[in-house]
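> Supplied structure: data_1.cif, mmCIF, C-alpha atoms.
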data_entry
#
loop_
_atom_site.label_atom_id
_atom_site.label_comp_id
_atom_site.auth_asym_id
_atom_site.auth_seq_id
_atom_site.Cartn_x
_atom_site.Cartn_y
_atom_site.Cartn_z
CA ASP A 1 -19.62 -11.22 -0.31
CA GLY A 2 -18.00 -8.75 -2.65
CA GLY A 3 -14.27 -8.71 -2.94
CA ILE A 4 -11.12 -9.52 -4.83
CA THR A 5 -9.85 -13.05 -5.20
CA GLN A 6 -6.25 -13.78 -6.08
CA SER A 7 -4.94 -17.21 -6.90
CA PRO A 8 -2.83 -19.08 -6.26
CA LYS A 9 -1.80 -17.86 -2.81
CA TYR A 10 1.62 -19.51 -3.14
CA LEU A 11 3.40 -20.42 -6.34
CA PHE A 12 6.78 -21.99 -7.00
CA ARG A 13 8.34 -21.96 -10.44
CA LYS A 14 11.64 -22.73 -12.05
CA GLU A 15 13.72 -19.97 -13.55
CA GLY A 16 12.83 -19.27 -17.18
CA GLN A 17 9.17 -20.25 -16.90
CA ASN A 18 6.30 -17.85 -17.44
CA VAL A 19 3.66 -17.80 -14.71
CA THR A 20 0.19 -16.26 -14.64
CA LEU A 21 -1.41 -14.89 -11.49
CA SER A 22 -5.18 -14.66 -11.41
CA CYS A 23 -7.20 -11.70 -10.10
CA GLU A 24 -11.00 -11.64 -10.10
CA GLN A 25 -13.31 -9.00 -8.59
CA ASN A 26 -17.07 -8.95 -8.11
CA LEU A 27 -17.26 -5.35 -6.92
CA ASN A 28 -18.23 -4.01 -10.35
CA HIS A 29 -15.19 -1.74 -10.25
CA ASP A 30 -13.89 -0.18 -13.43
CA ALA A 31 -10.23 0.17 -12.46
CA MET A 32 -7.83 -2.64 -11.53
CA TYR A 33 -4.17 -2.62 -10.54
CA TRP A 34 -1.21 -4.91 -9.97
CA TYR A 35 1.43 -4.07 -7.37
CA ARG A 36 4.65 -5.77 -6.40
CA GLN A 37 5.73 -5.75 -2.75
CA ASP A 38 9.31 -6.42 -1.66
CA PRO A 39 10.63 -6.14 1.92
CA GLY A 40 11.56 -2.56 2.75
CA GLN A 41 10.42 -1.23 -0.65
CA GLY A 42 6.75 -0.64 -0.18
CA LEU A 43 4.39 -1.15 -3.09
CA ARG A 44 5.37 -0.54 -6.67
CA LEU A 45 2.83 -0.31 -9.48
CA ILE A 46 3.27 -2.79 -12.32
CA TYR A 47 0.20 -2.25 -14.54
CA TYR A 48 -3.24 -0.74 -14.23
CA SER A 49 -6.43 -0.76 -16.26
CA GLN A 50 -9.25 1.75 -16.28
CA ILE A 51 -11.56 -0.13 -18.59
CA VAL A 52 -11.94 -3.38 -20.48
CA ASN A 53 -9.42 -3.89 -23.29
CA ASP A 54 -7.25 -1.02 -22.07
CA PHE A 55 -4.29 -0.98 -19.70
CA GLN A 56 -1.23 1.16 -18.96
CA LYS A 57 2.26 0.47 -17.70
CA GLY A 58 3.13 1.44 -14.17
CA ASP A 59 6.55 2.11 -12.72
CA ILE A 60 8.01 -1.37 -13.11
CA ALA A 61 6.25 -2.99 -16.09
CA GLU A 62 9.32 -4.58 -17.68
CA GLY A 63 9.09 -8.35 -17.69
CA TYR A 64 5.34 -8.40 -17.00
CA SER A 65 2.23 -8.53 -19.17
CA VAL A 66 -1.50 -8.20 -18.49
CA SER A 67 -4.85 -8.47 -20.23
CA ARG A 68 -8.30 -7.06 -19.47
CA GLU A 69 -10.78 -9.00 -21.57
CA LYS A 70 -13.51 -8.89 -18.93
CA LYS A 71 -14.37 -6.24 -16.36
CA GLU A 72 -14.03 -8.78 -13.54
CA SER A 73 -10.66 -10.19 -14.47
CA PHE A 74 -7.11 -8.79 -14.70
CA PRO A 75 -4.51 -11.59 -14.89
CA LEU A 76 -0.80 -10.84 -14.59
CA THR A 77 1.85 -12.87 -16.41
CA VAL A 78 5.36 -12.83 -15.00
CA THR A 79 7.56 -13.62 -17.97
CA SER A 80 11.02 -15.11 -18.12
CA ALA A 81 12.28 -11.61 -18.96
CA GLN A 82 11.61 -10.46 -15.40
CA LYS A 83 15.03 -10.59 -13.80
CA ASN A 84 13.99 -10.90 -10.19
CA PRO A 85 10.43 -12.26 -10.06
CA THR A 86 10.39 -13.59 -6.50
CA ALA A 87 8.02 -11.27 -4.64
CA PHE A 88 4.58 -10.78 -3.14
CA TYR A 89 2.06 -9.63 -5.76
CA LEU A 90 -1.06 -7.68 -4.87
CA CYS A 91 -4.07 -7.04 -7.05
CA ALA A 92 -6.42 -4.15 -6.29
CA SER A 93 -9.48 -2.45 -7.70
CA SER A 94 -11.25 0.88 -7.36
CA MET A 95 -14.60 2.16 -8.52
CA VAL A 96 -12.85 4.51 -10.90
CA ARG A 97 -9.25 5.50 -11.30
CA GLY A 98 -8.19 8.53 -9.31
CA THR A 99 -10.13 7.97 -6.09
CA GLY A 100 -7.26 6.55 -4.05
CA GLU A 101 -9.66 4.16 -2.31
CA LEU A 102 -8.42 0.77 -3.35
CA PHE A 103 -9.68 -2.67 -2.39
CA PHE A 104 -6.92 -5.28 -2.26
CA GLY A 105 -6.82 -9.01 -2.65
CA GLU A 106 -4.89 -11.18 -0.20
CA GLY A 107 -1.89 -11.47 -2.48
CA SER A 108 0.08 -14.15 -4.28
CA ARG A 109 3.58 -15.08 -3.19
CA LEU A 110 5.75 -16.17 -6.11
CA THR A 111 9.04 -17.93 -5.48
CA VAL A 112 11.33 -18.69 -8.39
CA LEU A 113 13.78 -21.48 -7.68
CA GLY B 1 7.33 14.04 -8.81
CA ASN B 2 5.20 12.79 -5.96
CA SER B 3 6.73 10.98 -3.02
CA VAL B 4 5.87 9.79 0.49
CA THR B 5 8.37 9.36 3.30
CA GLN B 6 7.58 7.33 6.41
CA MET B 7 9.58 6.70 9.53
CA GLU B 8 11.49 3.47 9.43
CA GLY B 9 10.40 0.63 11.61
CA PRO B 10 9.87 -1.52 13.33
CA VAL B 11 8.08 0.52 15.95
CA THR B 12 7.91 -1.57 19.10
CA LEU B 13 5.39 -0.65 21.80
CA SER B 14 3.73 -2.18 24.82
CA GLU B 15 -0.02 -2.57 24.90
CA GLU B 16 -1.87 0.67 25.80
CA ALA B 17 1.06 2.87 24.75
CA PHE B 18 0.59 5.96 22.55
CA LEU B 19 1.43 5.52 18.88
CA THR B 20 2.76 8.00 16.35
CA ILE B 21 3.94 7.02 12.90
CA ASN B 22 5.35 9.94 10.95
CA CYS B 23 4.51 10.57 7.30
CA THR B 24 5.57 13.50 5.14
CA TYR B 25 4.91 14.00 1.47
CA THR B 26 6.02 15.89 -1.61
CA ALA B 27 3.42 16.63 -4.26
CA THR B 28 2.32 19.25 -6.71
CA GLY B 29 -0.96 20.87 -5.77
CA TYR B 30 -3.11 19.49 -2.98
CA PRO B 31 -3.28 15.73 -2.93
CA SER B 32 -5.60 13.44 -1.00
CA LEU B 33 -3.83 11.48 1.73
CA PHE B 34 -4.41 7.96 2.99
CA TRP B 35 -3.29 5.43 5.56
CA TYR B 36 -3.52 1.76 4.65
CA VAL B 37 -2.88 -1.18 7.00
CA GLN B 38 -1.57 -4.64 6.14
CA TYR B 39 -2.02 -7.44 8.68
CA PRO B 40 0.37 -10.40 8.46
CA GLY B 41 -0.13 -12.48 5.33
CA GLU B 42 -2.93 -10.29 3.97
CA GLY B 43 -3.53 -7.54 1.46
CA LEU B 44 -3.89 -3.88 2.37
CA GLN B 45 -7.01 -2.27 3.81
CA LEU B 46 -7.87 1.40 3.78
CA LEU B 47 -7.65 2.69 7.35
CA LEU B 48 -8.45 6.39 6.94
CA LYS B 49 -8.19 9.29 4.54
CA ALA B 50 -8.23 13.10 4.30
CA THR B 51 -8.92 15.02 1.13
CA LYS B 52 -8.05 18.61 2.04
CA ALA B 53 -5.92 20.66 4.40
CA ASP B 54 -6.86 20.50 8.11
CA ASP B 55 -9.14 17.49 7.52
CA LYS B 56 -8.86 14.80 10.17
CA GLY B 57 -9.36 11.20 9.12
CA SER B 58 -10.28 8.69 11.82
CA ASN B 59 -11.15 5.02 12.11
CA LYS B 60 -10.82 2.27 14.75
CA GLY B 61 -9.23 4.71 17.22
CA PHE B 62 -6.59 5.86 14.72
CA GLU B 63 -6.40 9.50 13.63
CA ALA B 64 -4.37 11.58 11.18
CA THR B 65 -4.61 15.28 10.36
CA TYR B 66 -3.73 16.73 6.95
CA ARG B 67 -1.16 19.47 7.66
CA LYS B 68 -0.44 21.47 4.52
CA GLU B 69 2.07 23.80 6.19
CA THR B 70 4.31 20.90 7.23
CA THR B 71 3.25 18.55 4.38
CA SER B 72 2.56 15.85 6.94
CA PHE B 73 -0.08 13.25 7.75
CA HIS B 74 1.10 11.54 10.94
CA LEU B 75 -0.85 8.54 12.20
CA GLU B 76 -1.74 8.45 15.92
CA LYS B 77 -3.56 6.19 18.32
CA GLY B 78 -3.99 6.82 22.00
CA SER B 79 -3.78 3.23 23.22
CA VAL B 80 -2.52 0.44 21.00
CA GLN B 81 -3.53 -3.20 21.25
CA VAL B 82 -1.67 -6.37 20.30
CA SER B 83 -4.13 -6.74 17.42
CA ASP B 84 -2.82 -3.46 15.94
CA SER B 85 0.45 -5.17 15.05
CA ALA B 86 0.73 -4.71 11.29
CA VAL B 87 2.48 -2.73 8.58
CA TYR B 88 1.12 0.78 8.01
CA PHE B 89 1.42 2.56 4.66
CA CYS B 90 0.97 6.26 4.02
CA ALA B 91 -0.09 7.17 0.47
CA LEU B 92 -1.15 10.12 -1.65
CA ILE B 93 -2.99 10.74 -4.87
CA PRO B 94 -3.14 14.05 -6.73
CA ASN B 95 -6.59 15.58 -6.82
CA SER B 96 -6.18 16.79 -10.37
CA GLY B 97 -6.87 14.40 -13.22
CA TYR B 98 -6.85 10.64 -13.17
CA SER B 99 -3.81 9.34 -11.38
CA THR B 100 -2.61 6.46 -9.24
CA LEU B 101 -1.59 6.15 -5.61
CA THR B 102 1.98 6.78 -4.51
CA PHE B 103 2.84 4.70 -1.42
CA GLY B 104 5.46 5.13 1.26
CA LYS B 105 7.67 2.16 2.11
CA GLY B 106 5.60 1.14 5.10
CA THR B 107 6.24 1.08 8.85
CA MET B 108 5.95 -2.11 10.84
CA LEU B 109 4.29 -1.84 14.25
CA LEU B 110 4.84 -4.55 16.85
CA VAL B 111 2.76 -4.39 20.03
CA SER B 112 3.61 -6.67 22.93
CA PRO B 113 1.27 -7.61 25.80
#
Output the file's structure as structure tokens, nothing else.

Amino acid sequence: DGGITQSPKYLFRKEGQNVTLSCEQNLNHDAMYWYRQDPGQGLRLIYYSQIVNDFQKGDIAEGYSVSREKKESFPLTVTSAQKNPTAFYLCASSMVRGTGELFFGEGSRLTVL
Amino acid sequence: GNSVTQMEGPVTLSEEAFLTINCTYTATGYPSLFWYVQYPGEGLQLLLKATKADDKGSNKGFEATYRKETTSFHLEKGSVQVSDSAVYFCALIPNSGYSTLTFGKGTMLLVSP
């Protein structure tokens, strides 16, 4: 079945540690996205990528980094510079950027202790 | 800039009640409009969409009509079920150029038997 796989589903880390969240898609989509979801705040765009080896900052990129070395993969690193990293992180993809029709993974919940 | 405003939740209904979740938007030009649904512990799924004024999107008994004159895209369902309990997100994307979705903050719907 085609879809988006995020891992891990739950992650606990100590303050000051970098963590990497995995996102893999087998939909052959060009565009991929990372969103952060906090209670009462909706979804906020962290980074997006239209094509391999290219990505752009979203609205809240500070303290995060990404890479797009393969079309299928778009990992997100939450660095120690992110002041409030505890959140639910959602990865998504679309056939091309600009369609608005996104396919989402099931999310990764990061808790920093 | 672009923005989406949704009614605050939670919306609490009994099974078979009529549902309306209000959504209004601010955008330059004529965006495409979307409703996404998020079931507990999952990612978002596209529920329905409309790409131009007076279009009606529909899916799974849900409907929403693109109203340019009132800049609205209210979600309705004639008879809700317990299984409809979820968070509903209204979103827009400009039709010009390559852009990304702007989401509202989400409205939680709780349906009791």
> Expand the PyMOL selection byres ((chain A) within 7 of (chain B)) into the explicit residue set it covers here, and present it as a list in words.
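What the PyMOL selection byres ((chain A) within 7 of (chain B)) grabs from the file is Gly40, Gln41, Gly42, Leu43, Leu90, Arg97, Gly98, Gly100, Glu101, Phe103, Phe104, Gly105, Glu106 and Gly107 of chain A.
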> Can you pull out the residues contacting range 52-65 of chain B? Cut-off 9 Å, using all atoms listed in the file, and skip same-chain residues under 5 positions away; I want them as a PDB file with C-alpha atoms, in the coordinates of the input.

ATOM      1  CA  TYR B  30      -3.110  19.490  -2.980  1.00  0.00           C
ATOM      2  CA  PRO B  31      -3.280  15.730  -2.930  1.00  0.00           C
ATOM      3  CA  SER B  32      -5.600  13.440  -1.000  1.00  0.00           C
ATOM      4  CA  LEU B  33      -3.830  11.480   1.730  1.00  0.00           C
ATOM      5  CA  PHE B  34      -4.410   7.960   2.990  1.00  0.00           C
ATOM      6  CA  TRP B  35      -3.290   5.430   5.560  1.00  0.00           C
ATOM      7  CA  LEU B  47      -7.650   2.690   7.350  1.00  0.00           C
ATOM      8  CA  SER B  72       2.560  15.850   6.940  1.00  0.00           C
ATOM      9  CA  PHE B  73      -0.080  13.250   7.750  1.00  0.00           C
ATOM     10  CA  HIS B  74       1.100  11.540  10.940  1.00  0.00           C
ATOM     11  CA  LEU B  75      -0.850   8.540  12.200  1.00  0.00           C
ATOM     12  CA  GLU B  76      -1.740   8.450  15.920  1.00  0.00           C
ATOM     13  CA  LYS B  77      -3.560   6.190  18.320  1.00  0.00           C
ATOM     14  CA  GLY B  78      -3.990   6.820  22.000  1.00  0.00           C
ATOM     15  CA  SER B  79      -3.780   3.230  23.220  1.00  0.00           C
ATOM     16  CA  VAL B  80      -2.520   0.440  21.000  1.00  0.00           C
TER      17      VAL B  80
END
> Once the PyMOL selection byres ((chain A and resi 108) around 6) is applied to the coordinates I shared, what remains selected? I want it as a list of chain:residue names.
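Applying the expression gives A:Lys9, A:Tyr10, A:Phe88, A:Tyr89, A:Gly107, A:Arg109.
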> Pull out every residue that the PyMOL selection byres ((chain A and resi 95) around 9) matches in the shown coordinates and put them as an NGL selection string.
:A and (27-32 or 93-94 or 96-97 or 99 or 101-102)
> For Asn26 in chain A, work out the shell of residues within 8 Å, counting all atoms listed in the file and skipping chain neighbours fewer than 5 positions away, then give it as a PyMOL selection string.
chain A and resi 2-4+72
> Only C-alpha atoms, please: the residues just picked out, written as a JSON list (two decimals), in the coordinates of the input.

[["chain", "number", "residue", "atom", "x", "y", "z"],
["A", 2, "GLY", "CA", -18.00, -8.75, -2.65],
["A", 3, "GLY", "CA", -14.27, -8.71, -2.94],
["A", 4, "ILE", "CA", -11.12, -9.52, -4.83],
["A", 72, "GLU", "CA", -14.03, -8.78, -13.54]]
> Separation of CA of Asn22 in chain B and CA of Gln6 in chain B, in Å?
5.7 Å
> To one decimal place, how far is CA of Ser49 in chain A from CA of Tyr66 in chain B in Å?
29.2 Å
> May I ask for the distance between CA of Asp54 in chain A and CA of Ser80 in chain A, given in Å to one decimal place?
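These atoms are spaced 23.4 Å apart.
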> Could you list, as a PyMOL selection string, every residue within 12 Å of Gly16 in chain A, counting only C-alpha atoms and ignoring same-chain residues fewer than 6 positions away?
chain A and resi 63+78-85+112-113
> May I have the residues within 8 Å of Phe55 in chain A as number ranges by chain, using only C-alpha atoms and disregarding those fewer than 4 positions away in the same chain?
A: 47-51, 66-68
> For the point (2.1, 1.1, 26.2) in file coordinates, what residues are within 10 Å, counting all atoms listed in the file? Give the answer as JSON, numbers by chain?
{"B": [12, 13, 14, 15, 16, 17, 18, 19, 78, 79, 80, 81, 111, 112, 113]}
> My list of candidates is B:Cys23, B:Val82, B:Ala50, B:Val37. Which is closest to Thr70 in chain B when distances are computed with only C-alpha atoms?
B:Cys23
> Around range 8-27 of chain A, fit a box with edges along x, y and z, padding it by 5 Å on each side, then list its centre and edge lengths in Å to one decimal as AutoDock Vina command-line options.

--center_x -1.8 --center_y -14.0 --center_z -10.1 --size_x 41.0 --size_y 27.4 --size_z 24.6
